[in-house]
file target-v5.cif (mmCIF, C-alpha atoms)
data_data
loop_
_atom_site.label_atom_id
_atom_site.label_comp_id
_atom_site.auth_asym_id
_atom_site.auth_seq_id
_atom_site.Cartn_x
_atom_site.Cartn_y
_atom_site.Cartn_z
CA MET M 1 -23.21 -3.62 13.84
CA THR M 2 -25.17 -0.87 15.63
CA THR M 3 -22.67 -0.42 18.46
CA SER M 4 -19.43 1.41 17.77
CA PRO M 5 -16.63 -0.91 16.58
CA ASP M 6 -13.16 -0.52 18.11
CA GLY M 7 -11.64 2.77 17.01
CA LEU M 8 -14.85 4.42 15.79
CA ASP M 9 -17.33 6.44 17.87
CA LEU M 10 -20.53 6.34 15.80
CA ASP M 11 -22.32 9.08 17.76
CA ALA M 12 -19.41 11.48 17.25
CA LEU M 13 -19.07 10.45 13.61
CA ARG M 14 -22.78 11.10 12.98
CA GLY M 15 -22.42 14.66 14.21
CA PHE M 16 -19.42 15.20 11.95
CA LEU M 17 -21.17 13.79 8.88
CA VAL M 18 -24.20 16.01 9.37
CA GLY M 19 -22.01 19.11 9.41
CA HIS M 20 -19.49 18.18 6.70
CA VAL M 21 -20.87 15.67 4.18
CA ALA M 22 -23.53 16.73 1.70
CA GLY M 23 -26.71 14.67 1.98
CA ALA M 24 -25.90 13.19 5.37
CA GLY M 25 -28.84 13.39 7.74
CA ASP M 26 -29.09 12.90 11.48
CA ARG M 27 -29.75 9.19 11.10
CA ALA M 28 -28.38 6.33 13.19
CA LEU M 29 -25.21 4.80 11.79
CA ARG M 30 -24.11 1.20 11.45
CA ALA M 31 -20.47 0.28 10.87
CA SER M 32 -18.23 -2.73 10.38
CA LEU M 33 -14.48 -3.13 10.05
CA ILE M 34 -13.36 -3.91 6.51
CA ALA M 35 -11.02 -6.89 6.67
CA GLY M 36 -7.63 -6.98 5.02
CA GLY M 37 -5.91 -3.86 6.32
CA ARG M 38 -2.86 -4.35 8.53
CA SER M 39 -2.14 -0.67 9.15
CA ASN M 40 -4.77 2.06 8.96
CA LEU M 41 -8.26 0.98 10.03
CA THR M 42 -11.01 1.02 7.42
CA TYR M 43 -14.74 0.87 8.15
CA HIS M 44 -17.88 0.54 6.06
CA VAL M 45 -20.39 3.04 7.48
CA THR M 46 -24.03 3.40 6.46
CA ASP M 47 -27.01 5.47 7.59
CA GLY M 48 -29.41 3.27 5.63
CA VAL M 49 -29.42 5.73 2.73
CA HIS M 50 -25.74 6.36 2.01
CA ASP M 51 -22.70 4.10 2.14
CA TRP M 52 -19.33 5.56 3.07
CA VAL M 53 -15.88 4.33 3.96
CA VAL M 54 -14.05 5.88 6.93
CA ARG M 55 -10.28 5.61 7.39
CA ARG M 56 -8.34 6.34 10.58
CA PRO M 57 -4.87 5.45 11.97
CA PRO M 58 -4.27 2.26 13.96
CA LEU M 59 -5.09 2.15 17.66
CA GLY M 60 -1.53 2.33 18.97
CA HIS M 61 2.19 2.61 18.16
CA VAL M 62 1.75 5.31 15.51
CA LEU M 63 5.14 6.42 14.20
CA ALA M 64 6.00 9.98 13.25
CA THR M 65 5.09 10.77 9.59
CA ALA M 66 3.15 7.49 9.28
CA HIS M 67 -0.64 7.08 8.96
CA ASP M 68 -1.16 10.63 7.67
CA MET M 69 -4.88 10.96 6.92
CA GLY M 70 -4.43 14.33 5.28
CA ARG M 71 -1.91 12.88 2.82
CA GLU M 72 -4.28 10.11 1.70
CA TYR M 73 -7.18 12.52 1.41
CA ARG M 74 -5.21 15.10 -0.57
CA VAL M 75 -3.76 12.74 -3.16
CA MET M 76 -7.07 10.98 -3.84
CA SER M 77 -8.84 14.32 -4.13
CA ALA M 78 -6.19 15.50 -6.62
CA LEU M 79 -6.48 12.36 -8.77
CA GLN M 80 -10.26 12.67 -9.30
CA GLY M 81 -10.94 12.54 -13.04
CA THR M 82 -7.49 11.23 -14.05
CA ALA M 83 -6.61 7.87 -15.60
CA VAL M 84 -6.01 6.57 -12.06
CA PRO M 85 -9.39 5.51 -10.57
CA VAL M 86 -9.91 6.56 -6.95
CA PRO M 87 -12.94 6.79 -4.64
CA VAL M 88 -14.76 10.13 -4.37
CA THR M 89 -13.53 11.90 -1.23
CA ARG M 90 -16.08 13.69 0.97
CA ALA M 91 -14.52 15.16 4.12
CA LEU M 92 -11.34 15.22 6.21
CA CYS M 93 -11.22 15.66 10.00
CA THR M 94 -7.82 16.52 11.48
CA ASP M 95 -9.18 17.09 15.00
CA ASP M 96 -8.52 14.13 17.31
CA ALA M 97 -11.38 15.25 19.55
CA ALA M 98 -14.08 13.90 17.23
CA ILE M 99 -13.41 10.14 17.37
CA GLY M 100 -10.02 10.07 19.10
CA ALA M 101 -7.93 10.28 15.91
CA PRO M 102 -7.89 12.11 12.56
CA PHE M 103 -9.96 10.45 9.83
CA TYR M 104 -11.52 10.99 6.45
CA VAL M 105 -14.70 9.95 4.67
CA MET M 106 -15.05 8.75 1.08
CA ASP M 107 -17.73 7.11 -1.00
CA ARG M 108 -17.94 3.33 -0.94
CA VAL M 109 -17.03 1.85 -4.31
CA GLU M 110 -18.85 -1.27 -5.48
CA GLY M 111 -16.30 -3.91 -6.33
CA ARG M 112 -14.15 -6.76 -5.09
CA VAL M 113 -10.75 -6.83 -3.46
CA VAL M 114 -8.72 -9.98 -4.11
CA ARG M 115 -6.91 -11.01 -0.93
CA SER M 116 -5.70 -14.58 -1.48
CA THR M 117 -3.91 -16.79 -3.95
CA ASP M 118 -6.91 -19.14 -3.94
CA GLU M 119 -9.08 -16.32 -5.29
CA LEU M 120 -6.50 -15.60 -7.99
CA ALA M 121 -6.37 -19.25 -9.01
CA ALA M 122 -10.11 -19.14 -9.76
CA PHE M 123 -9.71 -16.40 -12.39
CA PRO M 124 -10.37 -17.46 -16.01
CA ALA M 125 -7.15 -17.16 -18.01
CA GLY M 126 -8.48 -14.24 -20.06
CA ASP M 127 -9.51 -12.30 -16.96
CA ALA M 128 -6.15 -13.02 -15.32
CA ARG M 129 -4.29 -11.53 -18.26
CA ALA M 130 -6.61 -8.52 -18.44
CA VAL M 131 -6.14 -7.80 -14.72
CA SER M 132 -2.37 -8.19 -15.09
CA HIS M 133 -2.28 -5.64 -17.89
CA ALA M 134 -4.64 -3.27 -16.09
CA LEU M 135 -2.45 -3.24 -12.98
CA ILE M 136 0.64 -2.24 -14.95
CA ASP M 137 -1.24 0.26 -17.11
CA VAL M 138 -2.71 2.04 -14.07
CA LEU M 139 0.71 2.17 -12.39
CA ALA M 140 2.28 3.57 -15.55
CA ALA M 141 -0.55 6.11 -15.81
CA LEU M 142 0.07 7.25 -12.23
CA HIS M 143 3.77 7.70 -12.92
CA GLY M 144 2.95 9.65 -16.07
CA ILE M 145 0.80 12.30 -14.37
CA ASP M 146 2.32 15.77 -14.08
CA PRO M 147 2.15 16.54 -10.34
CA ASP M 148 1.84 20.28 -10.99
CA ALA M 149 -1.14 19.71 -13.28
CA VAL M 150 -3.16 18.10 -10.47
CA GLY M 151 -2.04 20.41 -7.67
CA LEU M 152 0.56 18.07 -6.18
CA GLY M 153 3.71 19.95 -7.14
CA ASP M 154 4.58 20.43 -3.46
CA PHE M 155 3.45 16.97 -2.34
CA GLY M 156 6.99 15.79 -1.62
CA ARG M 157 10.70 16.50 -2.07
CA PRO M 158 11.85 14.46 -5.05
CA ASP M 159 15.47 15.68 -4.92
CA GLY M 160 17.38 13.19 -2.79
CA PHE M 161 14.22 11.12 -2.32
CA LEU M 162 15.85 7.70 -2.58
CA ALA M 163 18.68 8.40 -0.13
CA ARG M 164 16.23 9.92 2.38
CA ASN M 165 13.87 7.01 1.91
CA VAL M 166 16.59 4.45 2.62
CA ALA M 167 17.63 6.37 5.75
CA ARG M 168 14.01 6.77 6.86
CA TRP M 169 13.31 3.05 6.76
CA GLY M 170 16.38 2.44 8.87
CA THR M 171 14.97 4.87 11.43
CA GLN M 172 11.60 3.15 11.22
CA TRP M 173 13.25 -0.20 11.96
CA ALA M 174 14.85 1.20 15.10
CA ALA M 175 11.46 2.48 16.25
CA ASN M 176 9.57 -0.68 15.25
CA LYS M 177 11.80 -3.57 16.18
CA THR M 178 10.77 -6.10 18.79
CA ARG M 179 14.11 -7.99 18.60
CA ASP M 180 17.61 -7.68 17.18
CA LEU M 181 18.05 -9.16 13.69
CA PRO M 182 21.63 -8.96 12.33
CA GLN M 183 20.22 -9.66 8.85
CA ILE M 184 18.49 -6.29 8.74
CA ASP M 185 21.71 -4.42 9.48
CA GLU M 186 23.62 -6.24 6.74
CA LEU M 187 20.82 -5.69 4.24
CA ALA M 188 20.71 -1.99 5.09
CA ARG M 189 24.49 -1.76 4.52
CA ARG M 190 24.20 -3.32 1.07
CA ILE M 191 21.27 -1.10 0.11
CA HIS M 192 23.17 2.03 1.09
CA ALA M 193 26.18 0.86 -0.94
CA ALA M 194 24.10 0.08 -4.04
CA LEU M 195 22.05 3.32 -4.09
CA PRO M 196 21.38 4.22 -7.77
CA THR M 197 20.72 7.59 -9.37
CA SER M 198 16.96 8.16 -9.69
CA GLY M 199 15.28 9.03 -12.95
CA PRO M 200 12.54 11.66 -13.33
CA ALA M 201 10.33 12.00 -10.24
CA ALA M 202 6.64 11.08 -10.24
CA ILE M 203 3.67 10.60 -7.92
CA VAL M 204 4.49 7.47 -5.95
CA HIS M 205 1.72 5.36 -4.39
CA GLY M 206 4.09 3.71 -1.91
CA ASP M 207 2.24 0.38 -1.56
CA TYR M 208 0.93 -0.47 -5.02
CA ARG M 209 -0.26 -4.07 -5.40
CA LEU M 210 -3.31 -6.04 -6.43
CA GLU M 211 -4.65 -6.16 -2.85
CA ASN M 212 -4.69 -2.34 -2.74
CA THR M 213 -6.89 -2.07 -5.80
CA MET M 214 -10.56 -2.85 -6.29
CA LEU M 215 -11.87 -4.74 -9.30
CA ALA M 216 -15.32 -4.29 -10.83
CA PRO M 217 -17.83 -6.84 -9.48
CA ASP M 218 -18.29 -8.59 -12.82
CA ARG M 219 -15.33 -7.78 -15.06
CA PRO M 220 -11.51 -7.62 -14.94
CA GLU M 221 -11.29 -3.84 -14.61
CA ILE M 222 -9.72 -1.74 -11.86
CA VAL M 223 -12.35 0.63 -10.47
CA ALA M 224 -10.32 2.07 -7.56
CA VAL M 225 -6.78 2.30 -6.25
CA LEU M 226 -6.82 2.30 -2.45
CA ASP M 227 -4.52 2.82 0.58
CA TRP M 228 -2.56 5.96 -0.31
CA GLU M 229 -1.04 6.47 3.15
CA MET M 230 2.55 6.24 1.85
CA SER M 231 2.11 8.36 -1.27
CA THR M 232 4.53 11.16 -2.13
CA LEU M 233 6.65 12.58 -4.96
CA GLY M 234 9.76 10.52 -5.59
CA ASP M 235 11.35 7.67 -7.50
CA PRO M 236 8.54 5.69 -9.19
CA LEU M 237 10.65 2.54 -9.46
CA THR M 238 10.13 2.06 -5.74
CA ASP M 239 6.50 1.32 -6.66
CA LEU M 240 7.52 -1.16 -9.35
CA GLY M 241 9.97 -2.94 -7.03
CA LEU M 242 7.33 -3.40 -4.33
CA PHE M 243 4.73 -4.53 -6.87
CA LEU M 244 7.10 -7.28 -8.04
CA VAL M 245 7.71 -8.45 -4.47
CA TYR M 246 3.99 -9.16 -4.22
CA TRP M 247 3.54 -10.39 -7.79
CA VAL M 248 6.17 -13.12 -7.80
CA HIS M 249 6.28 -16.15 -5.49
CA TRP M 250 9.82 -15.76 -4.15
CA ASP M 251 11.36 -18.94 -2.78
CA ALA M 252 11.87 -18.02 0.87
CA GLY M 253 11.12 -21.19 2.77
CA ASP M 254 7.95 -22.97 3.74
CA GLY M 255 4.62 -21.27 4.26
CA PRO M 256 2.03 -19.47 2.17
CA PRO M 257 3.03 -16.63 -0.17
CA LEU M 258 2.86 -12.97 0.82
CA THR M 259 -0.87 -12.11 0.72
CA THR M 260 -1.71 -12.21 -3.01
CA GLY M 261 1.89 -13.02 -3.90
CA GLY M 262 2.63 -15.61 -6.52
CA ALA M 263 0.17 -14.37 -9.16
CA SER M 264 2.80 -14.70 -11.88
CA GLY M 265 2.89 -18.48 -11.36
CA LEU M 266 -0.84 -18.95 -11.96
CA PRO M 267 -2.53 -19.58 -15.33
CA GLY M 268 -3.15 -16.41 -17.32
CA PHE M 269 -1.25 -14.00 -15.06
CA ILE M 270 1.78 -12.44 -16.72
CA THR M 271 5.36 -13.23 -15.75
CA ILE M 272 7.86 -10.91 -14.09
CA ASP M 273 9.53 -10.34 -17.47
CA GLU M 274 6.20 -9.37 -19.03
CA VAL M 275 5.48 -6.98 -16.15
CA VAL M 276 8.85 -5.31 -16.59
CA ASP M 277 8.53 -5.13 -20.38
CA ARG M 278 5.01 -3.66 -20.32
CA TYR M 279 5.98 -1.04 -17.72
CA ALA M 280 9.16 -0.11 -19.59
CA ARG M 281 7.30 0.32 -22.88
CA ALA M 282 4.56 2.40 -21.22
CA THR M 283 6.90 4.71 -19.32
CA GLY M 284 10.19 4.65 -21.26
CA ARG M 285 12.10 4.36 -17.98
CA ASP M 286 15.52 2.71 -17.58
CA LEU M 287 15.12 -0.43 -15.45
CA GLY M 288 18.79 -1.42 -15.31
CA ASP M 289 18.90 -1.12 -11.51
CA LEU M 290 15.65 -2.99 -10.91
CA ASP M 291 17.30 -5.54 -8.56
CA PHE M 292 18.04 -2.69 -6.15
CA TYR M 293 14.41 -1.60 -6.05
CA ILE M 294 13.18 -5.15 -5.43
CA VAL M 295 15.67 -5.75 -2.61
CA PHE M 296 14.80 -2.37 -1.11
CA ALA M 297 11.11 -3.33 -1.31
CA PHE M 298 11.78 -6.50 0.69
CA TYR M 299 13.58 -4.39 3.28
CA LYS M 300 10.74 -1.83 3.55
CA LEU M 301 8.10 -4.51 3.82
CA ALA M 302 10.06 -6.26 6.57
CA VAL M 303 10.15 -2.99 8.52
CA ILE M 304 6.42 -2.42 8.02
CA LEU M 305 5.52 -5.92 9.18
CA GLU M 306 7.76 -5.58 12.21
CA GLY M 307 5.78 -2.47 13.16
CA ILE M 308 2.54 -4.42 12.79
CA ASN M 309 4.08 -7.21 14.87
CA ALA M 310 4.92 -4.65 17.57
CA ARG M 311 1.30 -3.47 17.67
CA PHE M 312 0.14 -7.09 17.84
CA LEU M 313 2.42 -7.84 20.79
CA MET M 314 1.03 -4.76 22.57
CA GLY M 315 -2.55 -5.89 21.93
CA LYS M 316 -3.24 -2.91 19.69
CA THR M 317 -4.41 -4.67 16.53
CA VAL M 318 -7.99 -5.18 15.32
CA GLY M 319 -8.84 -8.20 13.19
CA GLU M 320 -7.16 -11.52 12.45
CA GLY M 321 -3.89 -12.78 10.97
CA PHE M 322 -1.49 -10.64 12.98
CA ASP M 323 0.15 -13.55 14.80
CA ARG M 324 2.21 -14.45 11.69
CA MET M 325 3.80 -11.03 11.21
CA GLY M 326 7.00 -11.82 13.11
CA GLU M 327 7.62 -14.94 11.01
CA MET M 328 6.92 -13.03 7.81
CA VAL M 329 9.66 -10.50 8.64
CA THR M 330 12.37 -13.17 8.64
CA ARG M 331 10.98 -14.77 5.46
CA LEU M 332 11.15 -11.43 3.68
CA LEU M 333 14.76 -10.96 4.72
CA ASP M 334 15.65 -14.46 3.46
CA ALA M 335 14.10 -13.65 0.08
CA ALA M 336 15.93 -10.31 -0.07
CA PHE M 337 19.31 -11.95 0.47
CA ASP M 338 18.54 -14.67 -2.08
CA LEU M 339 18.04 -12.02 -4.79
CA ALA M 340 20.85 -9.75 -3.59
CA ASP M 341 23.40 -12.56 -3.60
CA ARG M 342 22.51 -13.38 -7.24
CA SER M 343 22.30 -9.79 -8.52
CA GLU M 344 24.55 -8.34 -11.18
CA ILE M 345 24.77 -5.22 -9.00
CA ARG M 346 28.03 -5.83 -7.18
CA ALA M 347 27.22 -3.78 -4.09
CA LEU M 348 24.05 -5.81 -3.52
CA ARG M 349 26.13 -8.98 -3.41
CA GLY M 350 27.99 -7.53 -0.46
#

call {"tool": "encode", "arguments": {"input": "target-v5.cif", "output": "structure tokens"}}
result
Amino acid sequence: MTTSPDGLDLDALRGFLVGHVAGAGDRALRASLIAGGRSNLTYHVTDGVHDWVVRRPPLGHVLATAHDMGREYRVMSALQGTAVPVPVTRALCTDDAAIGAPFYVMDRVEGRVVRSTDELAAFPAGDARAVSHALIDVLAALHGIDPDAVGLGDFGRPDGFLARNVARWGTQWAANKTRDLPQIDELARRIHAALPTSGPAAIVHGDYRLENTMLAPDRPEIVAVLDWEMSTLGDPLTDLGLFLVYWVHWDAGDGPPLTTGGASGLPGFITIDEVVDRYARATGRDLGDLDFYIVFAFYKLAVILEGINARFLMGKTVGEGFDRMGEMVTRLLDAAFDLADRSEIRALRG
């Protein structure tokens, strides 16, 4: 589109690109919203010669510490040239005056993002297995990077990370909620009671899943890991727990699975046990408390979706599919309790 899409002033962006991105000329821009994101807004921008991607926070209801453009930009810049594929970053703007919010610019990567179970079901069995392995191998590679070696030694506070993280998501719920849900309070109580001791800290993506990676156009290879807005230094098993929430089709009532959830039940894609085994062998980490991390992931995702639901109810979302967010929150909580009630971790059983 030649007119500015919601949340992006193309005239202001053109002036920024000319002054901050090598090769950008004073040419008219076209932009379109990239579908799929439910939080930060992502646009494909072109001047007819170059193709970029621009990321900015959502239009409203931005919580403190959330949607930090500088955090995304810094971690992707640091990971250039490592075993974790990321887009090439070009420029960061922290001044709201330019387009009304901070944003950053990166190169557009040619590839495909899988966003539905139907797309997964069309994968040949060999490709499905290769993608499964690649996802775990990239996650293990991320967790094996020395933060100091890539300039991220001060990227977070790993000591006490898990306890702070649990408390933070409780605070986020209070700020996000559009209704009272007694389930969330009980789940938070159990999570606090079951808090394990973290192993060695690592760079944490914060939202690692198939939908936040890009595959090559014609082969089962990961060419980019995207959406680093929640990255930090901390307990890497929080990444694994969230990945499994998306990977497995948890029985939580009627309705479609969570985005690309349910991959493990499709031909060729590896099972939850194979995911856990491959990650454990690659990292050497103790996964004895894995139930905690999965239940905690359900809890975090419920809080995130409630925040998206709040923006939807205020008319501050761009795109489609937001009307189901409220229902998804309760389905996530049902799935969390189903696992917690069956766990060998006594505190999780309540």

call {"tool": "closest_residue", "arguments": {"input": "target-v5.cif", "among": "M:Arg56, M:Lys300, M:His133, M:Arg112", "to": "Asp277 (chain M)", "atoms": "all atoms listed in the file"}}
result
M:His133

call {"tool": "residues_around", "arguments": {"input": "target-v5.cif", "residues": "region 143-159 of chain M", "least_positions_apart": "3", "cutoff": "12 Å", "atoms": "all atoms listed in the file", "output": "ChimeraX atom specification"}}
result
/M:70-72,74-84,136-140,162-165,197-206,208,230-240,279-280,282-285

call {"tool": "closest_residue", "arguments": {"input": "target-v5.cif", "among": "M:Pro87, M:Gly262, M:Gly7, M:Gly48", "to": "Ala101 (chain M)", "atoms": "only C-alpha atoms"}}
result
M:Gly7

call {"tool": "closest_residue", "arguments": {"input": "target-v5.cif", "among": "M:Arg168, M:His192, M:Arg346, M:Arg311", "to": "Asp323 (chain M)", "atoms": "all atoms listed in the file"}}
result
M:Arg311

call {"tool": "resolve_selection", "arguments": {"input": "target-v5.cif", "expression": "the PyMOL selection byres ((chain M and resi 10) around 9)", "output": "list in words"}}
result
Thr2, Thr3, Ser4, Pro5, Leu8, Asp9, Asp11, Ala12, Leu13, Arg14, Gly15, Ala28, Leu29, Arg30, Ala31, Val45 and Ile99 of chain M

call {"tool": "resolve_selection", "arguments": {"input": "target-v5.cif", "expression": "the PyMOL selection byres ((chain M and resi 339) around 9)", "output": "list in words"}}
result
Asp291, Ile294, Val295, Asp334, Ala335, Ala336, Phe337, Asp338, Ala340, Asp341, Arg342, Ser343, Leu348 and Arg349 of chain M

call {"tool": "atom_distance", "arguments": {"input": "target-v5.cif", "atom1": "CA of Glu229 (chain M)", "atom2": "CA of Phe243 (chain M)"}}
result
16.0 Å

call {"tool": "atom_distance", "arguments": {"input": "target-v5.cif", "atom1": "CA of Leu41 (chain M)", "atom2": "CA of Ser116 (chain M)"}}
result
19.5 Å

call {"tool": "atom_distance", "arguments": {"input": "target-v5.cif", "atom1": "CA of Asn212 (chain M)", "atom2": "CA of Tyr246 (chain M)"}}
result
11.1 Å

call {"tool": "axis_aligned_box", "arguments": {"input": "target-v5.cif", "around": "region 206-225 of chain M", "padding_each_side": "6 Å", "output": "AutoDock Vina command-line options"}}
result
--center_x -7.1 --center_y -2.4 --center_z -8.3 --size_x 34.4 --size_y 24.3 --size_z 25.5

call {"tool": "closest_residue", "arguments": {"input": "target-v5.cif", "among": "M:Ile222, M:Ala128, M:Trp173, M:Val114", "to": "Ala35 (chain M)", "atoms": "all atoms listed in the file"}}
result
M:Val114

call {"tool": "resolve_selection", "arguments": {"input": "target-v5.cif", "expression": "the PyMOL selection byres ((chain M and resi 32) around 6)", "output": "list of chain:residue names"}}
result
M:Ala31, M:Leu33, M:Tyr43, M:His44

call {"tool": "write_last_selection", "arguments": {"input": "target-v5.cif", "atoms": "C-alpha atoms", "output": "PDB file, in the coordinates of the input"}}
result
ATOM      1  CA  ALA M  31     -20.470   0.280  10.870  1.00  0.00           C
ATOM      2  CA  LEU M  33     -14.480  -3.130  10.050  1.00  0.00           C
ATOM      3  CA  TYR M  43     -14.740   0.870   8.150  1.00  0.00           C
ATOM      4  CA  HIS M  44     -17.880   0.540   6.060  1.00  0.00           C
TER       5      HIS M  44
END

call {"tool": "closest_residue", "arguments": {"input": "target-v5.cif", "among": "M:Glu306, M:Glu119, M:Asp68, M:Asp185", "to": "Trp228 (chain M)", "atoms": "all atoms listed in the file"}}
result
M:Asp68
